[in-house]
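S.K.: Here it is: the structure, laid out below.
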Amino acid sequence: MDTPSLPPPPPPASASATPMTSGTRMARNAGLMMLAQLLTWAMAFLVAIFQPRILGPLAVGQLAIAFSIWLIVGVVISFGMDTHLTKEIARNPQRTSSLVGTSLILRVIIWLVSCFAVWGYEQLSFGADPVQSALIWTISLATLFAALSSAIMAALVGLEQMPFVSLMTVLNKIVLTVLSLALLFAGFNVIWISFASIMAALVGFIGGAFILFRQYPLRLRFDFPTARDMLFASRKYLITALTVMFYQQISYLFIAWLASTDAVGWYSTATKLYGTLMFFPVAIGTVVFPSLIRSHAAGQDHLSYAARRIFNLMLTMSLPVGLGLTTFADPIVRLLYGDAFVQTGTVLAVLGIVLTFTYLNTIIGQLMLAAERTYALNLIMIVAAFATMPLNFILVTWSDTTLANGALGGALALMITEASILLAMIYQLPKGTLGADNLRVCGLSLFAALVMVLAIWWLRSTSFFFLGVPLGAIIYLVAILRLRVLPPEDLELAKEVFTKIRARLQGAKS
């Protein structure tokens with residue numbers, strides 16, 4: 001593949017409106033982002049397989065705790081400025097240098113202040129653990145470089161230079177994967193492994209800065225009015241991003257507090273495997289979102305028709321994947337990680353059920369955005385984030401005391417909150433968006449999935465359990481077709497969606 005050349009600086013802004021991006025360019029950009037996502041998913045899967053097996057539950061748990069702390073704090077450091085930068089730079093490209101420079105300075109200041117807060121938390125929680133302390137401060141540097149890099153990437157997105165964004169995304173993940181695996185196989189301990197995150201974030205920042213600042217020279221000058229306006233405008237994006245990150249990461253900290261670091265390692269390993277299966281709903285959501293927006297603009301009847309079809313498609317896909325993962329969770333974990341992670345099998349089995357809810361939540365979240373229900377969506381996530389704290393407290397304590405597996409409590413809390421989010425989002429959709437036909441598809445799809453599970457369950461205890469994947473897929477597909485679960489138009493939608501995904505990936509490769 002040819003090395004992309006740097007585009008020339010854009011012409012001075014005129015009083016006329018900026019022309020809309022062509023459909024060809026938008027399709028190319030979407031394809032590039034999807035290809036980058038597929039590549040990063042594949043590399044993350046490699047690390048998810050080898051890292052736990054080599055490091056063990058304790059080290060994986062220590063690393064997960066450090067990342068959880070700084071993932072939450074990292075959202076505060078970025079302060080929602082990425083979305084603001086993208087929007088402002090898209091409107092006024094000539095302000096790129098001043099906006100990016102101010103944002104970089106703000107991020108360094110917020111990072112320094114955050115270090116004091118993290119230090120206080122560390123002293124209260126991990127003061128006697130030198131390895132945990134070293135990991136926390138190593139990941140703090142990676143978080144700083146990642147926050148600086150995200151400002152650069154936000155600017156490039158605003159300038160619609162998606163090939164470079166995709167390039168840097170893949171380069172970052174390649175550095176992280178190669179260094180992590182090299183250090184793992186060379187026998188280095190977890191502290192040295194964490195340096196791979198610093199190097200990957202640093203490469204991403206330097207590469208993005210080289211691309212951006214050749215076109216728009218950096219101005220590291222603190223402009224107080226610009227900084228004030230930037231923080232004020234970004235606060236609404238901060239609330240949303242912080243709520244989502246807090247919701248995703250708080251279970252790790254509760255498990256560390258109420259159970260053990262080993263339990264965090266079991267939970268982290270299960271969630272990484274679970275996360276590798278999220279490529280499909282994200283890819284489908286990317287493809288159908290523009291159609292949902294157009295359907296909403298055309299009227300409620302059009303939105304309802306489109307929503308019911310895509311809901312049926314996601315439902316029939318999520319059930320076999322989720323229940324299949326639940327069925328084979330234990331033999332998969334034993335094969336990949338050995339007896340040290342035997343408790344992870346139970347956690348992954350619960351996450352298989354969670355996966356079905358998460359698939360549906362992904363597409364219904366897109367529906368809510370298309371239907372202009374952003375405020376309701378944010379409110380649902382805020383309530384879920386607060387609700388997950390008492391749930392984790394109760395369930396992690398119970399599972400650790402009763403079953404000696406605090407990680408299971410975190411998975412059960414996630415299952416309850418994801419199911420609740422699904423019901424709340426369906427309730428908040430415009431009246432009539434989903435209908436009785438969706439209930440029929442839900443019941444028949446669940447029946448077909450249970451038939452599949454009963455047919456392949458016996459393979460769990462054999463050495464050939466992996467044959468359950470193709471066998472289960474065939475049984476489920478036959479059941480779906482025999483029961484006439486999906487009407488012809490929904491089958492056409494499935495064909496159309498996967499054709500678009502394949503076409504975009506092929507276009508991005510070229």
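Residue numbers start at 1 in each chain; chains themselves are named A, B, ... in the order of the structure tokens; ligands are numbered from 1 in the order shown.
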Need the shell around Ala413 of chain A: protein/DNA/RNA residues with any atom at most 8 Å away, counting only C-alpha atoms. Skip same-chain ones fewer than 5 positions apart. Format as a list in words?

M.R.: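 Near neighbours after the sequence-gap exclusion: Thr388, Leu391, Asn392 and Leu395 of chain A.
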
S.K.: When DSSP works through the backbone of this structure, what residues of segment 369-499 of chain A end up as helix (DSSP H, G or I), shown as an mmCIF file with N, CA and C atoms, in the first residue's frame?

M.R.:
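Heads up, here's the output in states27.cif:
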data_model
loop_
_atom_site.group_PDB
_atom_site.id
_atom_site.type_symbol
_atom_site.label_atom_id
_atom_site.label_comp_id
_atom_site.auth_asym_id
_atom_site.auth_seq_id
_atom_site.Cartn_x
_atom_site.Cartn_y
_atom_site.Cartn_z
ATOM 1 N N LEU A 369 -30.635 8.265 19.279
ATOM 2 C CA LEU A 369 -29.916 9.411 18.722
ATOM 3 C C LEU A 369 -30.579 9.883 17.429
ATOM 4 N N ALA A 370 -30.972 8.947 16.582
ATOM 5 C CA ALA A 370 -31.623 9.314 15.327
ATOM 6 C C ALA A 370 -32.968 9.987 15.573
ATOM 7 N N THR A 374 -31.578 12.348 22.712
ATOM 8 C CA THR A 374 -30.253 12.351 23.336
ATOM 9 C C THR A 374 -30.348 12.613 24.837
ATOM 10 N N TYR A 375 -31.192 13.561 25.230
ATOM 11 C CA TYR A 375 -31.320 13.891 26.656
ATOM 12 C C TYR A 375 -31.787 12.674 27.456
ATOM 13 N N ALA A 376 -32.785 11.969 26.940
ATOM 14 C CA ALA A 376 -33.283 10.776 27.634
ATOM 15 C C ALA A 376 -32.205 9.700 27.709
ATOM 16 N N LEU A 377 -31.419 9.549 26.631
ATOM 17 C CA LEU A 377 -30.339 8.563 26.624
ATOM 18 C C LEU A 377 -29.297 8.895 27.686
ATOM 19 N N ASN A 378 -28.916 10.160 27.775
ATOM 20 C CA ASN A 378 -27.943 10.576 28.795
ATOM 21 C C ASN A 378 -28.478 10.325 30.198
ATOM 22 N N LEU A 379 -29.756 10.629 30.402
ATOM 23 C CA LEU A 379 -30.356 10.429 31.723
ATOM 24 C C LEU A 379 -30.362 8.955 32.107
ATOM 25 N N ILE A 380 -30.671 8.092 31.152
ATOM 26 C CA ILE A 380 -30.668 6.647 31.412
ATOM 27 C C ILE A 380 -29.273 6.189 31.838
ATOM 28 N N MET A 381 -28.244 6.661 31.133
ATOM 29 C CA MET A 381 -26.878 6.248 31.462
ATOM 30 C C MET A 381 -26.435 6.784 32.818
ATOM 31 N N ILE A 382 -26.863 7.996 33.161
ATOM 32 C CA ILE A 382 -26.513 8.551 34.477
ATOM 33 C C ILE A 382 -27.146 7.716 35.588
ATOM 34 N N VAL A 383 -28.425 7.390 35.434
ATOM 35 C CA VAL A 383 -29.107 6.561 36.441
ATOM 36 C C VAL A 383 -28.443 5.192 36.544
ATOM 37 N N ALA A 384 -28.079 4.601 35.383
ATOM 38 C CA ALA A 384 -27.426 3.289 35.383
ATOM 39 C C ALA A 384 -26.079 3.344 36.086
ATOM 40 N N ALA A 385 -25.324 4.425 35.873
ATOM 41 C CA ALA A 385 -24.009 4.565 36.499
ATOM 42 C C ALA A 385 -24.132 4.629 38.019
ATOM 43 N N PHE A 386 -25.127 5.352 38.499
ATOM 44 C CA PHE A 386 -25.326 5.429 39.951
ATOM 45 C C PHE A 386 -25.890 4.123 40.505
ATOM 46 N N ALA A 387 -26.774 3.476 39.745
ATOM 47 C CA ALA A 387 -27.384 2.235 40.218
ATOM 48 C C ALA A 387 -26.383 1.101 40.311
ATOM 49 N N THR A 388 -25.361 1.136 39.447
ATOM 50 C CA THR A 388 -24.399 0.029 39.443
ATOM 51 C C THR A 388 -23.540 -0.001 40.709
ATOM 52 N N MET A 389 -23.436 1.129 41.424
ATOM 53 C CA MET A 389 -22.614 1.144 42.639
ATOM 54 C C MET A 389 -23.219 0.292 43.760
ATOM 55 N N PRO A 390 -24.488 0.503 44.174
ATOM 56 C CA PRO A 390 -25.035 -0.406 45.200
ATOM 57 C C PRO A 390 -25.151 -1.846 44.720
ATOM 58 N N LEU A 391 -25.431 -2.027 43.417
ATOM 59 C CA LEU A 391 -25.493 -3.387 42.892
ATOM 60 C C LEU A 391 -24.151 -4.095 43.030
ATOM 61 N N ASN A 392 -23.077 -3.402 42.667
ATOM 62 C CA ASN A 392 -21.746 -3.992 42.821
ATOM 63 C C ASN A 392 -21.424 -4.252 44.286
ATOM 64 N N PHE A 393 -21.766 -3.320 45.135
ATOM 65 C CA PHE A 393 -21.477 -3.492 46.572
ATOM 66 C C PHE A 393 -22.149 -4.756 47.107
ATOM 67 N N ILE A 394 -23.422 -4.940 46.764
ATOM 68 C CA ILE A 394 -24.177 -6.088 47.278
ATOM 69 C C ILE A 394 -23.718 -7.390 46.622
ATOM 70 N N LEU A 395 -23.633 -7.400 45.295
ATOM 71 C CA LEU A 395 -23.373 -8.648 44.575
ATOM 72 C C LEU A 395 -21.920 -9.090 44.657
ATOM 73 N N VAL A 396 -20.978 -8.145 44.639
ATOM 74 C CA VAL A 396 -19.566 -8.521 44.776
ATOM 75 C C VAL A 396 -19.312 -9.078 46.170
ATOM 76 N N THR A 397 -19.875 -8.413 47.191
ATOM 77 C CA THR A 397 -19.722 -8.914 48.568
ATOM 78 C C THR A 397 -20.314 -10.307 48.703
ATOM 79 N N TRP A 398 -21.529 -10.493 48.159
ATOM 80 C CA TRP A 398 -22.198 -11.801 48.257
ATOM 81 C C TRP A 398 -21.416 -12.883 47.523
ATOM 82 N N SER A 399 -21.018 -12.628 46.290
ATOM 83 C CA SER A 399 -20.343 -13.661 45.503
ATOM 84 C C SER A 399 -18.968 -13.992 46.066
ATOM 85 N N ASP A 400 -18.286 -12.995 46.632
ATOM 86 C CA ASP A 400 -16.974 -13.259 47.234
ATOM 87 C C ASP A 400 -17.116 -14.075 48.508
ATOM 88 N N THR A 401 -18.114 -13.743 49.326
ATOM 89 C CA THR A 401 -18.307 -14.458 50.598
ATOM 90 C C THR A 401 -18.859 -15.858 50.386
ATOM 91 N N THR A 402 -19.808 -15.988 49.472
ATOM 92 C CA THR A 402 -20.512 -17.262 49.276
ATOM 93 C C THR A 402 -19.794 -18.196 48.321
ATOM 94 N N LEU A 403 -19.265 -17.644 47.223
ATOM 95 C CA LEU A 403 -18.696 -18.465 46.157
ATOM 96 C C LEU A 403 -17.202 -18.282 45.971
ATOM 97 N N GLY A 406 -15.504 -12.946 43.694
ATOM 98 C CA GLY A 406 -16.071 -11.602 43.659
ATOM 99 C C GLY A 406 -16.301 -11.097 42.250
ATOM 100 N N ALA A 407 -15.545 -11.623 41.274
ATOM 101 C CA ALA A 407 -15.710 -11.203 39.879
ATOM 102 C C ALA A 407 -17.104 -11.527 39.366
ATOM 103 N N LEU A 408 -17.703 -12.618 39.866
ATOM 104 C CA LEU A 408 -19.046 -13.000 39.432
ATOM 105 C C LEU A 408 -20.059 -11.922 39.804
ATOM 106 N N GLY A 409 -19.869 -11.289 40.964
ATOM 107 C CA GLY A 409 -20.768 -10.220 41.380
ATOM 108 C C GLY A 409 -20.746 -9.046 40.420
ATOM 109 N N GLY A 410 -19.548 -8.712 39.922
ATOM 110 C CA GLY A 410 -19.443 -7.635 38.947
ATOM 111 C C GLY A 410 -20.198 -7.964 37.666
ATOM 112 N N ALA A 411 -20.105 -9.228 37.218
ATOM 113 C CA ALA A 411 -20.806 -9.643 36.006
ATOM 114 C C ALA A 411 -22.319 -9.628 36.209
ATOM 115 N N LEU A 412 -22.786 -10.057 37.385
ATOM 116 C CA LEU A 412 -24.218 -10.048 37.669
ATOM 117 C C LEU A 412 -24.756 -8.620 37.735
ATOM 118 N N ALA A 413 -23.973 -7.711 38.328
ATOM 119 C CA ALA A 413 -24.385 -6.308 38.368
ATOM 120 C C ALA A 413 -24.499 -5.739 36.961
ATOM 121 N N LEU A 414 -23.543 -6.100 36.089
ATOM 122 C CA LEU A 414 -23.584 -5.627 34.705
ATOM 123 C C LEU A 414 -24.800 -6.187 33.976
ATOM 124 N N MET A 415 -25.139 -7.432 34.233
ATOM 125 C CA MET A 415 -26.297 -8.040 33.580
ATOM 126 C C MET A 415 -27.586 -7.309 33.963
ATOM 127 N N ILE A 416 -27.744 -6.999 35.240
ATOM 128 C CA ILE A 416 -28.954 -6.307 35.697
ATOM 129 C C ILE A 416 -29.038 -4.905 35.099
ATOM 130 N N THR A 417 -27.931 -4.183 35.097
ATOM 131 C CA THR A 417 -27.963 -2.811 34.583
ATOM 132 C C THR A 417 -28.170 -2.785 33.064
ATOM 133 N N GLU A 418 -27.541 -3.703 32.325
ATOM 134 C CA GLU A 418 -27.720 -3.728 30.872
ATOM 135 C C GLU A 418 -29.167 -4.081 30.514
ATOM 136 N N ALA A 419 -29.764 -5.025 31.237
ATOM 137 C CA ALA A 419 -31.165 -5.367 30.982
ATOM 138 C C ALA A 419 -32.076 -4.181 31.302
ATOM 139 N N SER A 420 -31.763 -3.472 32.383
ATOM 140 C CA SER A 420 -32.570 -2.304 32.767
ATOM 141 C C SER A 420 -32.430 -1.189 31.745
ATOM 142 N N ILE A 421 -31.210 -0.980 31.249
ATOM 143 C CA ILE A 421 -30.984 0.046 30.220
ATOM 144 C C ILE A 421 -31.796 -0.280 28.971
ATOM 145 N N LEU A 422 -31.817 -1.558 28.583
ATOM 146 C CA LEU A 422 -32.570 -1.967 27.403
ATOM 147 C C LEU A 422 -34.054 -1.621 27.553
ATOM 148 N N LEU A 423 -34.639 -1.983 28.694
ATOM 149 C CA LEU A 423 -36.057 -1.703 28.919
ATOM 150 C C LEU A 423 -36.330 -0.206 28.952
ATOM 151 N N ALA A 424 -35.437 0.550 29.610
ATOM 152 C CA ALA A 424 -35.631 2.001 29.707
ATOM 153 C C ALA A 424 -35.534 2.667 28.340
ATOM 154 N N MET A 425 -34.588 2.231 27.504
ATOM 155 C CA MET A 425 -34.443 2.836 26.180
ATOM 156 C C MET A 425 -35.635 2.505 25.285
ATOM 157 N N ILE A 426 -36.131 1.273 25.358
ATOM 158 C CA ILE A 426 -37.309 0.917 24.569
ATOM 159 C C ILE A 426 -38.500 1.777 24.988
ATOM 160 N N TYR A 427 -38.641 1.997 26.287
ATOM 161 C CA TYR A 427 -39.741 2.830 26.793
ATOM 162 C C TYR A 427 -39.636 4.267 26.303
ATOM 163 N N GLN A 428 -38.399 4.770 26.157
ATOM 164 C CA GLN A 428 -38.188 6.167 25.769
ATOM 165 C C GLN A 428 -38.225 6.389 24.262
ATOM 166 N N ALA A 436 -45.701 -5.391 17.987
ATOM 167 C CA ALA A 436 -45.961 -6.775 18.354
ATOM 168 C C ALA A 436 -45.113 -7.746 17.544
ATOM 169 N N ASP A 437 -44.797 -7.391 16.316
ATOM 170 C CA ASP A 437 -43.980 -8.278 15.492
ATOM 171 C C ASP A 437 -42.603 -8.500 16.109
ATOM 172 N N ASN A 438 -42.061 -7.458 16.775
ATOM 173 C CA ASN A 438 -40.768 -7.614 17.433
ATOM 174 C C ASN A 438 -40.849 -8.601 18.594
ATOM 175 N N LEU A 439 -41.996 -8.605 19.310
ATOM 176 C CA LEU A 439 -42.182 -9.587 20.383
ATOM 177 C C LEU A 439 -42.249 -10.999 19.814
ATOM 178 N N ARG A 440 -42.916 -11.156 18.671
ATOM 179 C CA ARG A 440 -42.996 -12.466 18.033
ATOM 180 C C ARG A 440 -41.611 -12.961 17.634
ATOM 181 N N VAL A 441 -40.816 -12.078 17.020
ATOM 182 C CA VAL A 441 -39.454 -12.442 16.614
ATOM 183 C C VAL A 441 -38.609 -12.774 17.837
ATOM 184 N N CYS A 442 -38.812 -12.013 18.913
ATOM 185 C CA CYS A 442 -38.048 -12.264 20.146
ATOM 186 C C CYS A 442 -38.346 -13.657 20.690
ATOM 187 N N GLY A 443 -39.637 -14.004 20.788
ATOM 188 C CA GLY A 443 -40.006 -15.311 21.326
ATOM 189 C C GLY A 443 -39.512 -16.462 20.469
ATOM 190 N N LEU A 444 -39.685 -16.362 19.158
ATOM 191 C CA LEU A 444 -39.258 -17.437 18.267
ATOM 192 C C LEU A 444 -37.736 -17.557 18.207
ATOM 193 N N SER A 445 -37.042 -16.417 18.213
ATOM 194 C CA SER A 445 -35.572 -16.446 18.179
ATOM 195 C C SER A 445 -35.019 -17.075 19.456
ATOM 196 N N LEU A 446 -35.631 -16.722 20.587
ATOM 197 C CA LEU A 446 -35.195 -17.312 21.858
ATOM 198 C C LEU A 446 -35.437 -18.820 21.854
ATOM 199 N N PHE A 447 -36.567 -19.248 21.326
ATOM 200 C CA PHE A 447 -36.854 -20.688 21.234
ATOM 201 C C PHE A 447 -35.818 -21.384 20.357
ATOM 202 N N ALA A 448 -35.486 -20.779 19.206
ATOM 203 C CA ALA A 448 -34.492 -21.373 18.307
ATOM 204 C C ALA A 448 -33.123 -21.437 18.977
ATOM 205 N N ALA A 449 -32.778 -20.392 19.736
ATOM 206 C CA ALA A 449 -31.480 -20.366 20.416
ATOM 207 C C ALA A 449 -31.418 -21.428 21.513
ATOM 208 N N LEU A 450 -32.514 -21.646 22.231
ATOM 209 C CA LEU A 450 -32.536 -22.680 23.271
ATOM 210 C C LEU A 450 -32.449 -24.078 22.659
ATOM 211 N N VAL A 451 -33.084 -24.263 21.509
ATOM 212 C CA VAL A 451 -32.942 -25.541 20.789
ATOM 213 C C VAL A 451 -31.481 -25.775 20.432
ATOM 214 N N MET A 452 -30.814 -24.721 19.964
ATOM 215 C CA MET A 452 -29.394 -24.815 19.629
ATOM 216 C C MET A 452 -28.569 -25.223 20.849
ATOM 217 N N VAL A 453 -28.828 -24.559 21.990
ATOM 218 C CA VAL A 453 -28.069 -24.850 23.211
ATOM 219 C C VAL A 453 -28.272 -26.300 23.638
ATOM 220 N N LEU A 454 -29.513 -26.777 23.630
ATOM 221 C CA LEU A 454 -29.793 -28.165 24.016
ATOM 222 C C LEU A 454 -29.102 -29.155 23.083
ATOM 223 N N ALA A 455 -29.001 -28.804 21.808
ATOM 224 C CA ALA A 455 -28.404 -29.719 20.829
ATOM 225 C C ALA A 455 -26.884 -29.810 20.969
ATOM 226 N N ILE A 456 -26.234 -28.750 21.443
ATOM 227 C CA ILE A 456 -24.766 -28.746 21.493
ATOM 228 C C ILE A 456 -24.219 -28.824 22.918
ATOM 229 N N TRP A 457 -25.096 -28.869 23.923
ATOM 230 C CA TRP A 457 -24.637 -28.828 25.316
ATOM 231 C C TRP A 457 -23.688 -29.980 25.640
ATOM 232 N N TRP A 458 -23.966 -31.143 25.093
ATOM 233 C CA TRP A 458 -23.173 -32.332 25.416
ATOM 234 C C TRP A 458 -21.713 -32.199 24.994
ATOM 235 N N LEU A 459 -21.430 -31.298 24.041
ATOM 236 C CA LEU A 459 -20.057 -31.118 23.566
ATOM 237 C C LEU A 459 -19.170 -30.393 24.577
ATOM 238 N N ARG A 460 -19.768 -29.745 25.587
ATOM 239 C CA ARG A 460 -18.990 -28.962 26.560
ATOM 240 C C ARG A 460 -17.929 -29.808 27.254
ATOM 241 N N SER A 461 -18.266 -31.031 27.571
ATOM 242 C CA SER A 461 -17.367 -31.883 28.354
ATOM 243 C C SER A 461 -16.440 -32.728 27.498
ATOM 244 N N PHE A 465 -15.268 -29.629 21.800
ATOM 245 C CA PHE A 465 -16.312 -28.635 22.060
ATOM 246 C C PHE A 465 -16.346 -27.548 20.980
ATOM 247 N N PHE A 466 -15.179 -27.290 20.346
ATOM 248 C CA PHE A 466 -15.125 -26.239 19.330
ATOM 249 C C PHE A 466 -16.013 -26.553 18.126
ATOM 250 N N LEU A 467 -16.362 -27.824 17.939
ATOM 251 C CA LEU A 467 -17.270 -28.177 16.854
ATOM 252 C C LEU A 467 -18.685 -27.676 17.116
ATOM 253 N N GLY A 468 -18.945 -27.283 18.361
ATOM 254 C CA GLY A 468 -20.251 -26.743 18.694
ATOM 255 C C GLY A 468 -20.554 -25.437 17.988
ATOM 256 N N VAL A 469 -19.503 -24.705 17.579
ATOM 257 C CA VAL A 469 -19.729 -23.415 16.902
ATOM 258 C C VAL A 469 -20.385 -23.621 15.540
ATOM 259 N N PRO A 470 -19.769 -24.391 14.616
ATOM 260 C CA PRO A 470 -20.457 -24.590 13.323
ATOM 261 C C PRO A 470 -21.742 -25.388 13.455
ATOM 262 N N LEU A 471 -21.747 -26.387 14.359
ATOM 263 C CA LEU A 471 -22.958 -27.199 14.523
ATOM 264 C C LEU A 471 -24.101 -26.343 15.069
ATOM 265 N N GLY A 472 -23.799 -25.528 16.063
ATOM 266 C CA GLY A 472 -24.820 -24.652 16.637
ATOM 267 C C GLY A 472 -25.336 -23.650 15.626
ATOM 268 N N ALA A 473 -24.429 -23.096 14.812
ATOM 269 C CA ALA A 473 -24.838 -22.119 13.795
ATOM 270 C C ALA A 473 -25.797 -22.752 12.795
ATOM 271 N N ILE A 474 -25.514 -23.989 12.379
ATOM 272 C CA ILE A 474 -26.375 -24.682 11.411
ATOM 273 C C ILE A 474 -27.749 -24.951 12.025
ATOM 274 N N ILE A 475 -27.741 -25.458 13.270
ATOM 275 C CA ILE A 475 -29.010 -25.780 13.937
ATOM 276 C C ILE A 475 -29.855 -24.521 14.112
ATOM 277 N N TYR A 476 -29.220 -23.440 14.538
ATOM 278 C CA TYR A 476 -29.960 -22.192 14.765
ATOM 279 C C TYR A 476 -30.518 -21.646 13.457
ATOM 280 N N LEU A 477 -29.695 -21.668 12.409
ATOM 281 C CA LEU A 477 -30.146 -21.155 11.117
ATOM 282 C C LEU A 477 -31.318 -21.967 10.582
ATOM 283 N N VAL A 478 -31.243 -23.292 10.689
ATOM 284 C CA VAL A 478 -32.340 -24.142 10.232
ATOM 285 C C VAL A 478 -33.609 -23.847 11.025
ATOM 286 N N ALA A 479 -33.452 -23.692 12.359
ATOM 287 C CA ALA A 479 -34.618 -23.403 13.206
ATOM 288 C C ALA A 479 -35.247 -22.065 12.840
ATOM 289 N N ILE A 480 -34.403 -21.046 12.594
ATOM 290 C CA ILE A 480 -34.904 -19.719 12.231
ATOM 291 C C ILE A 480 -35.694 -19.783 10.920
ATOM 292 N N LEU A 481 -35.156 -20.517 9.958
ATOM 293 C CA LEU A 481 -35.826 -20.606 8.655
ATOM 294 C C LEU A 481 -37.102 -21.440 8.740
ATOM 295 N N ARG A 482 -37.059 -22.547 9.486
ATOM 296 C CA ARG A 482 -38.237 -23.405 9.601
ATOM 297 C C ARG A 482 -39.375 -22.701 10.338
ATOM 298 N N PRO A 488 -39.413 -11.852 4.727
ATOM 299 C CA PRO A 488 -38.472 -11.686 3.597
ATOM 300 C C PRO A 488 -37.768 -10.338 3.595
ATOM 301 N N GLU A 489 -38.495 -9.244 3.970
ATOM 302 C CA GLU A 489 -37.847 -7.924 3.932
ATOM 303 C C GLU A 489 -36.734 -7.801 4.963
ATOM 304 N N ASP A 490 -36.867 -8.509 6.109
ATOM 305 C CA ASP A 490 -35.789 -8.481 7.106
ATOM 306 C C ASP A 490 -34.573 -9.265 6.625
ATOM 307 N N LEU A 491 -34.816 -10.366 5.929
ATOM 308 C CA LEU A 491 -33.700 -11.117 5.361
ATOM 309 C C LEU A 491 -32.973 -10.297 4.309
ATOM 310 N N GLU A 492 -33.727 -9.519 3.547
ATOM 311 C CA GLU A 492 -33.107 -8.639 2.560
ATOM 312 C C GLU A 492 -32.275 -7.565 3.249
ATOM 313 N N LEU A 493 -32.769 -7.067 4.393
ATOM 314 C CA LEU A 493 -32.008 -6.069 5.145
ATOM 315 C C LEU A 493 -30.681 -6.660 5.622
ATOM 316 N N ALA A 494 -30.729 -7.883 6.147
ATOM 317 C CA ALA A 494 -29.498 -8.525 6.605
ATOM 318 C C ALA A 494 -28.496 -8.650 5.465
ATOM 319 N N LYS A 495 -28.978 -9.081 4.319
ATOM 320 C CA LYS A 495 -28.097 -9.210 3.152
ATOM 321 C C LYS A 495 -27.526 -7.857 2.759
ATOM 322 N N GLU A 496 -28.354 -6.821 2.783
ATOM 323 C CA GLU A 496 -27.916 -5.482 2.393
ATOM 324 C C GLU A 496 -26.869 -4.936 3.361
ATOM 325 N N VAL A 497 -27.100 -5.122 4.666
ATOM 326 C CA VAL A 497 -26.171 -4.607 5.676
ATOM 327 C C VAL A 497 -24.803 -5.255 5.534
ATOM 328 N N PHE A 498 -24.769 -6.587 5.434
ATOM 329 C CA PHE A 498 -23.480 -7.272 5.359
ATOM 330 C C PHE A 498 -22.789 -7.022 4.022
ATOM 331 N N THR A 499 -23.568 -6.790 2.983
ATOM 332 C CA THR A 499 -22.966 -6.418 1.702
ATOM 333 C C THR A 499 -22.287 -5.058 1.806
#

S.K.: Work out how far apart atom CA of Thr143 of chain A and atom CA of Gly74 of chain A are and give it in Å to one decimal.

M.R.: 6.2 Å

S.K.: Which neighbours of segment 222-229 of chain A fall inside 7 Å, counting only C-alpha atoms, when residues of the same chain fewer than 4 positions from it are skipped, and could you give them as JSON, numbers by chain?

M.R.: {"A": [102, 105, 233]}

S.K.: How would the residues just chosen look if you wrote them out with N, CA, C and O atoms as a PDB file, in the first residue's frame?

M.R.:
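File written: part20.pdb
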ATOM      1  N   THR A 102      -4.395  25.531  22.695  1.00  0.00           N
ATOM      2  CA  THR A 102      -5.060  25.786  23.979  1.00  0.00           C
ATOM      3  C   THR A 102      -5.523  24.502  24.632  1.00  0.00           C
ATOM      4  O   THR A 102      -5.373  24.304  25.848  1.00  0.00           O
ATOM      5  N   ILE A 105      -2.581  22.566  26.267  1.00  0.00           N
ATOM      6  CA  ILE A 105      -2.155  23.165  27.541  1.00  0.00           C
ATOM      7  C   ILE A 105      -3.156  22.830  28.643  1.00  0.00           C
ATOM      8  O   ILE A 105      -2.773  22.475  29.773  1.00  0.00           O
ATOM      9  N   ALA A 233     -18.126  25.127  26.757  1.00  0.00           N
ATOM     10  CA  ALA A 233     -18.843  24.438  25.677  1.00  0.00           C
ATOM     11  C   ALA A 233     -18.682  22.921  25.764  1.00  0.00           C
ATOM     12  O   ALA A 233     -19.547  22.173  25.289  1.00  0.00           O
TER      13      ALA A 233
END

S.K.: Which polymer residues have any atom within 12 Å of an atom of Gly207 of chain A, counting only C-alpha atoms, with same-chain residues fewer than 3 positions away left out, as a list in words?

M.R.: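 With the cut-off at 12 Å, the set is Phe145, Leu148, Ser149, Ser150, Ile152, Met153, Leu156, Phe164, Val165, Ser166, Leu167, Met168, Thr169, Val170, Leu171, Asn172, Met199, Ala200, Ala201, Leu202, Val203, Gly204, Phe210, Ile211, Leu212, Phe213 and Arg214 of chain A.
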
S.K.: Leaving out Ala329 of chain A and any residue of its chain fewer than 3 positions from it, which residues lie within 8 Å of it when counting only C-alpha atoms, given as a PyMOL selection string?

M.R.: chain A and resi 325-326+332-333+345-346+348-349

S.K.: With only C-alpha atoms as the basis for distance, which of A:Tyr337, A:Trp70, A:Phe195, A:Phe328 is at the shortest distance from Leu55 of chain A?

M.R.: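 Ranked by minimum distance to Leu55 of chain A, first place goes to A:Tyr337.
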
S.K.: List as an MDAnalysis selection string the protein and nucleic acid residues near Leu303 of chain A, meaning an atom at most 12 Å away when only C-alpha atoms are counted, but skip any in the same chain fewer than 2 places from it.

M.R.: chainID A and resid 288:301 305:311 366:368 370:372 429:434

S.K.: Name the residues in contact with Thr96 of chain A at a cut-off of 12 Å, using only C-alpha atoms, excluding same-chain residues fewer than 6 positions from it; report them as number ranges by chain.

M.R.: A: 9-10, 84-90, 102-103, 151-159, 212-213, 215-220

S.K.: Would you mind telling me which residue in A:Thr177, A:Gln161, A:Thr83, A:Asn189 lies nearest to Gln62 of chain A when using only C-alpha atoms?

M.R.: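 Among the listed residues, the smallest separation from Gln62 of chain A belongs to A:Asn189.
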